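Below is one structure, written out as structure tokens; comments come after it.
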Amino acid sequence: EAAPEAAPEAAPEKPAEEPVEEKPAEEEKPVEEPTPVSFSDKETKFESKTWADLSDDIKEAVTKIGYDEESWHEDGWKDVDNKNWDDLTEEEKSGAETLGWDKDAWDTKYKGKEFSDLPDAVKKAVESLGFTEETWKDEAWPHEVEHKGWMEFSAEEKSALYVIGYTKWKWD
């Protein structure tokens, strides 16, 4: 006869586990949407406005630089666009200044201007387009801006470009 099998040895008792405190799950911080950047009509040179939306004094300024109702809505260069600021007549300069233009925006789009010397609205515009002080100094356009055609820009990006001095026909 076979010997009876020995009873298996009891497993050693495990020490009692201490209760594990559950850490509250870290709250996921919502991704902050960038605050939309907005500019005044004058800062954007009234470029996004229709003729009907322009006040009488702005229409007068527009006519001083050679536009009328029909040409305000047309794309393309105007005679005044071929002039440097210093070559504008006093009437043209007056009209351009009323619309928000200055010598730097008109002639150079602020190229070569130190970031710290940019008007506040222009700083806000270039930062909204992705420039840093360093990339502005290096005139290194952010890739996502540099390679777009005008029609690919959002309304906010177009506004920022208007502030700097670009329009559709000066960009493309």
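Ligands are numbered from 1 in the order shown, residues from 1 within each chain, and chains are lettered A, B, ... in the order they appear in the structure tokens.
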Selection: 10 Å around Lys78 of chain A, only C-alpha atoms, excl. self and same-chain fewer than 4 positions, as a PyMOL selection string: chain A and resi 65-67+71-72+74+82-83
Selection above as a file: all heavy atoms, as a compact mmCIF listing (two decimals), in the first residue's frame:
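Heads up, here's the output in result06.txt:
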# COMPACT_ATOMS: atom_id res chain seq x y z
N ILE A 65 -5.66 109.58 -50.83
CA ILE A 65 -4.58 108.71 -51.33
C ILE A 65 -4.98 108.02 -52.63
O ILE A 65 -4.32 107.07 -53.06
CB ILE A 65 -4.10 107.70 -50.26
CG1 ILE A 65 -5.21 106.76 -49.81
CG2 ILE A 65 -3.45 108.41 -49.09
CD1 ILE A 65 -4.72 105.60 -48.94
N GLY A 66 -6.04 108.52 -53.27
CA GLY A 66 -6.35 108.08 -54.63
C GLY A 66 -7.40 107.00 -54.79
O GLY A 66 -7.55 106.45 -55.88
N TYR A 67 -8.10 106.68 -53.74
CA TYR A 67 -9.13 105.65 -53.84
C TYR A 67 -10.51 106.30 -53.93
O TYR A 67 -10.72 107.42 -53.48
CB TYR A 67 -9.13 104.75 -52.61
CG TYR A 67 -7.96 103.80 -52.53
CD1 TYR A 67 -6.77 104.21 -51.97
CD2 TYR A 67 -8.06 102.50 -53.00
CE1 TYR A 67 -5.68 103.34 -51.88
CE2 TYR A 67 -6.99 101.62 -52.92
CZ TYR A 67 -5.80 102.05 -52.35
OH TYR A 67 -4.73 101.21 -52.26
N SER A 71 -12.56 101.65 -56.42
CA SER A 71 -11.18 101.16 -56.27
C SER A 71 -10.89 100.65 -54.86
O SER A 71 -9.98 99.84 -54.68
CB SER A 71 -10.17 102.25 -56.67
OG SER A 71 -10.28 103.38 -55.84
N TRP A 72 -11.64 101.10 -53.87
CA TRP A 72 -11.43 100.62 -52.50
C TRP A 72 -11.63 99.10 -52.42
O TRP A 72 -10.97 98.43 -51.65
CB TRP A 72 -12.39 101.33 -51.54
CG TRP A 72 -12.22 100.94 -50.10
CD1 TRP A 72 -13.08 100.22 -49.34
CD2 TRP A 72 -11.11 101.25 -49.25
NE1 TRP A 72 -12.58 100.05 -48.07
CE2 TRP A 72 -11.37 100.68 -47.97
CE3 TRP A 72 -9.91 101.96 -49.43
CZ2 TRP A 72 -10.49 100.80 -46.90
CZ3 TRP A 72 -9.04 102.08 -48.36
CH2 TRP A 72 -9.33 101.50 -47.11
N GLU A 74 -11.22 96.97 -55.04
CA GLU A 74 -10.43 96.26 -56.04
C GLU A 74 -9.10 95.83 -55.44
O GLU A 74 -8.52 96.53 -54.62
CB GLU A 74 -10.14 97.16 -57.25
CG GLU A 74 -11.37 97.50 -58.05
CD GLU A 74 -11.06 98.51 -59.16
OE1 GLU A 74 -9.92 99.00 -59.26
OE2 GLU A 74 -11.99 98.80 -59.92
N ASN A 82 3.13 103.03 -55.28
CA ASN A 82 4.46 103.05 -55.89
C ASN A 82 5.35 104.14 -55.30
O ASN A 82 6.50 104.27 -55.72
CB ASN A 82 4.33 103.25 -57.41
CG ASN A 82 3.67 102.07 -58.07
OD1 ASN A 82 3.96 100.92 -57.75
ND2 ASN A 82 2.74 102.35 -58.98
N LYS A 83 4.82 104.91 -54.38
CA LYS A 83 5.59 106.02 -53.81
C LYS A 83 6.13 105.65 -52.43
O LYS A 83 5.48 104.94 -51.68
CB LYS A 83 4.69 107.26 -53.64
CG LYS A 83 4.19 107.86 -54.91
CD LYS A 83 3.37 109.11 -54.59
CE LYS A 83 2.89 109.82 -55.83
NZ LYS A 83 2.15 111.06 -55.46
Residue neighbourhood segment 122-131 of chain A, 10 Å, only C-alpha atoms, exclusion window fewer than 5 positions, as a ChimeraX atom specification: /A:34-39,43-44,105,109-110,115-117,136-137,139-146,156-165
I need the chosen residues saved as an mmCIF file, in the first residue's frame, with N, CA and C atoms.
data_model
loop_
_atom_site.group_PDB
_atom_site.id
_atom_site.type_symbol
_atom_site.label_atom_id
_atom_site.label_comp_id
_atom_site.auth_asym_id
_atom_site.auth_seq_id
_atom_site.Cartn_x
_atom_site.Cartn_y
_atom_site.Cartn_z
ATOM 1 N N PRO A 34 -5.467 80.527 -27.005
ATOM 2 C CA PRO A 34 -4.873 81.857 -27.005
ATOM 3 C C PRO A 34 -5.967 82.914 -27.065
ATOM 4 N N THR A 35 -5.723 83.978 -26.357
ATOM 5 C CA THR A 35 -6.680 85.072 -26.365
ATOM 6 C C THR A 35 -6.663 85.689 -27.759
ATOM 7 N N PRO A 36 -7.810 85.807 -28.361
ATOM 8 C CA PRO A 36 -7.825 86.414 -29.692
ATOM 9 C C PRO A 36 -7.234 87.824 -29.631
ATOM 10 N N VAL A 37 -6.436 88.114 -30.604
ATOM 11 C CA VAL A 37 -5.796 89.418 -30.686
ATOM 12 C C VAL A 37 -6.690 90.290 -31.548
ATOM 13 N N SER A 38 -6.960 91.474 -31.065
ATOM 14 C CA SER A 38 -7.775 92.368 -31.878
ATOM 15 C C SER A 38 -7.082 93.722 -31.973
ATOM 16 N N PHE A 39 -7.387 94.401 -33.028
ATOM 17 C CA PHE A 39 -6.776 95.694 -33.302
ATOM 18 C C PHE A 39 -7.875 96.666 -33.702
ATOM 19 N N GLU A 43 -5.525 100.899 -36.518
ATOM 20 C CA GLU A 43 -4.307 100.082 -36.484
ATOM 21 C C GLU A 43 -4.224 99.165 -37.703
ATOM 22 N N THR A 44 -5.388 98.716 -38.202
ATOM 23 C CA THR A 44 -5.408 97.844 -39.386
ATOM 24 C C THR A 44 -5.583 98.637 -40.676
ATOM 25 N N ALA A 105 5.593 101.759 -41.552
ATOM 26 C CA ALA A 105 4.652 100.782 -42.116
ATOM 27 C C ALA A 105 4.588 100.939 -43.630
ATOM 28 N N LYS A 109 7.565 98.197 -43.728
ATOM 29 C CA LYS A 109 6.827 97.213 -42.910
ATOM 30 C C LYS A 109 7.594 96.945 -41.619
ATOM 31 N N TYR A 110 8.306 97.962 -41.136
ATOM 32 C CA TYR A 110 9.079 97.923 -39.883
ATOM 33 C C TYR A 110 10.323 97.036 -39.964
ATOM 34 N N PHE A 115 12.976 95.562 -32.211
ATOM 35 C CA PHE A 115 11.728 95.100 -31.606
ATOM 36 C C PHE A 115 11.270 96.065 -30.506
ATOM 37 N N SER A 116 12.216 96.505 -29.687
ATOM 38 C CA SER A 116 11.866 97.395 -28.568
ATOM 39 C C SER A 116 11.376 98.760 -29.044
ATOM 40 N N ASP A 117 11.664 99.109 -30.300
ATOM 41 C CA ASP A 117 11.234 100.396 -30.844
ATOM 42 C C ASP A 117 9.925 100.312 -31.621
ATOM 43 N N TRP A 136 12.399 88.418 -34.856
ATOM 44 C CA TRP A 136 12.130 89.704 -35.504
ATOM 45 C C TRP A 136 13.453 90.357 -35.890
ATOM 46 N N LYS A 137 14.414 90.325 -34.976
ATOM 47 C CA LYS A 137 15.727 90.916 -35.237
ATOM 48 C C LYS A 137 16.377 90.243 -36.437
ATOM 49 N N GLU A 139 14.862 88.857 -38.827
ATOM 50 C CA GLU A 139 13.910 88.896 -39.944
ATOM 51 C C GLU A 139 13.569 87.490 -40.423
ATOM 52 N N ALA A 140 13.439 86.590 -39.447
ATOM 53 C CA ALA A 140 13.119 85.188 -39.735
ATOM 54 C C ALA A 140 11.628 84.975 -39.524
ATOM 55 N N TRP A 141 10.870 85.036 -40.608
ATOM 56 C CA TRP A 141 9.427 84.861 -40.526
ATOM 57 C C TRP A 141 9.104 83.457 -40.056
ATOM 58 N N PRO A 142 8.153 83.341 -39.145
ATOM 59 C CA PRO A 142 7.719 81.994 -38.741
ATOM 60 C C PRO A 142 7.281 81.206 -39.975
ATOM 61 N N HIS A 143 7.721 79.959 -40.056
ATOM 62 C CA HIS A 143 7.456 79.114 -41.233
ATOM 63 C C HIS A 143 5.973 79.063 -41.577
ATOM 64 N N GLU A 144 5.135 78.937 -40.527
ATOM 65 C CA GLU A 144 3.703 78.791 -40.791
ATOM 66 C C GLU A 144 3.076 80.068 -41.342
ATOM 67 N N VAL A 145 3.802 81.174 -41.302
ATOM 68 C CA VAL A 145 3.311 82.436 -41.862
ATOM 69 C C VAL A 145 3.965 82.689 -43.215
ATOM 70 N N GLU A 146 5.252 82.509 -43.261
ATOM 71 C CA GLU A 146 6.043 82.869 -44.434
ATOM 72 C C GLU A 146 5.572 82.189 -45.716
ATOM 73 N N GLU A 156 -7.808 86.965 -38.250
ATOM 74 C CA GLU A 156 -6.929 87.505 -37.208
ATOM 75 C C GLU A 156 -5.509 87.723 -37.737
ATOM 76 N N GLU A 157 -5.006 86.763 -38.520
ATOM 77 C CA GLU A 157 -3.664 86.909 -39.098
ATOM 78 C C GLU A 157 -3.625 88.073 -40.089
ATOM 79 N N LYS A 158 -4.668 88.214 -40.894
ATOM 80 C CA LYS A 158 -4.721 89.335 -41.839
ATOM 81 C C LYS A 158 -4.704 90.652 -41.089
ATOM 82 N N SER A 159 -5.456 90.740 -40.000
ATOM 83 C CA SER A 159 -5.460 91.967 -39.204
ATOM 84 C C SER A 159 -4.064 92.300 -38.712
ATOM 85 N N ALA A 160 -3.344 91.296 -38.220
ATOM 86 C CA ALA A 160 -1.979 91.513 -37.740
ATOM 87 C C ALA A 160 -1.077 91.986 -38.886
ATOM 88 N N LEU A 161 -1.249 91.395 -40.051
ATOM 89 C CA LEU A 161 -0.448 91.812 -41.203
ATOM 90 C C LEU A 161 -0.789 93.237 -41.633
ATOM 91 N N TYR A 162 -2.064 93.608 -41.573
ATOM 92 C CA TYR A 162 -2.448 94.990 -41.876
ATOM 93 C C TYR A 162 -1.737 95.961 -40.938
ATOM 94 N N VAL A 163 -1.654 95.607 -39.667
ATOM 95 C CA VAL A 163 -1.012 96.482 -38.685
ATOM 96 C C VAL A 163 0.446 96.726 -39.077
ATOM 97 N N ILE A 164 1.116 95.689 -39.546
ATOM 98 C CA ILE A 164 2.522 95.809 -39.929
ATOM 99 C C ILE A 164 2.674 96.613 -41.220
ATOM 100 N N GLY A 165 1.645 96.586 -42.059
ATOM 101 C CA GLY A 165 1.681 97.346 -43.302
ATOM 102 C C GLY A 165 1.487 96.515 -44.552
#
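Computed from the coordinates, the atom CA of Asp53 of chain A to atom CA of Leu118 of chain A distance equals 28.9 Å.
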Alpha helix (DSSP H) per DSSP on the backbone: members of segment 26-169 of chain A, as a PyMOL selection string: chain A and resi 56-64+69-72+90-98+103-107+120-128+133-137+143-146+155-164+168-169
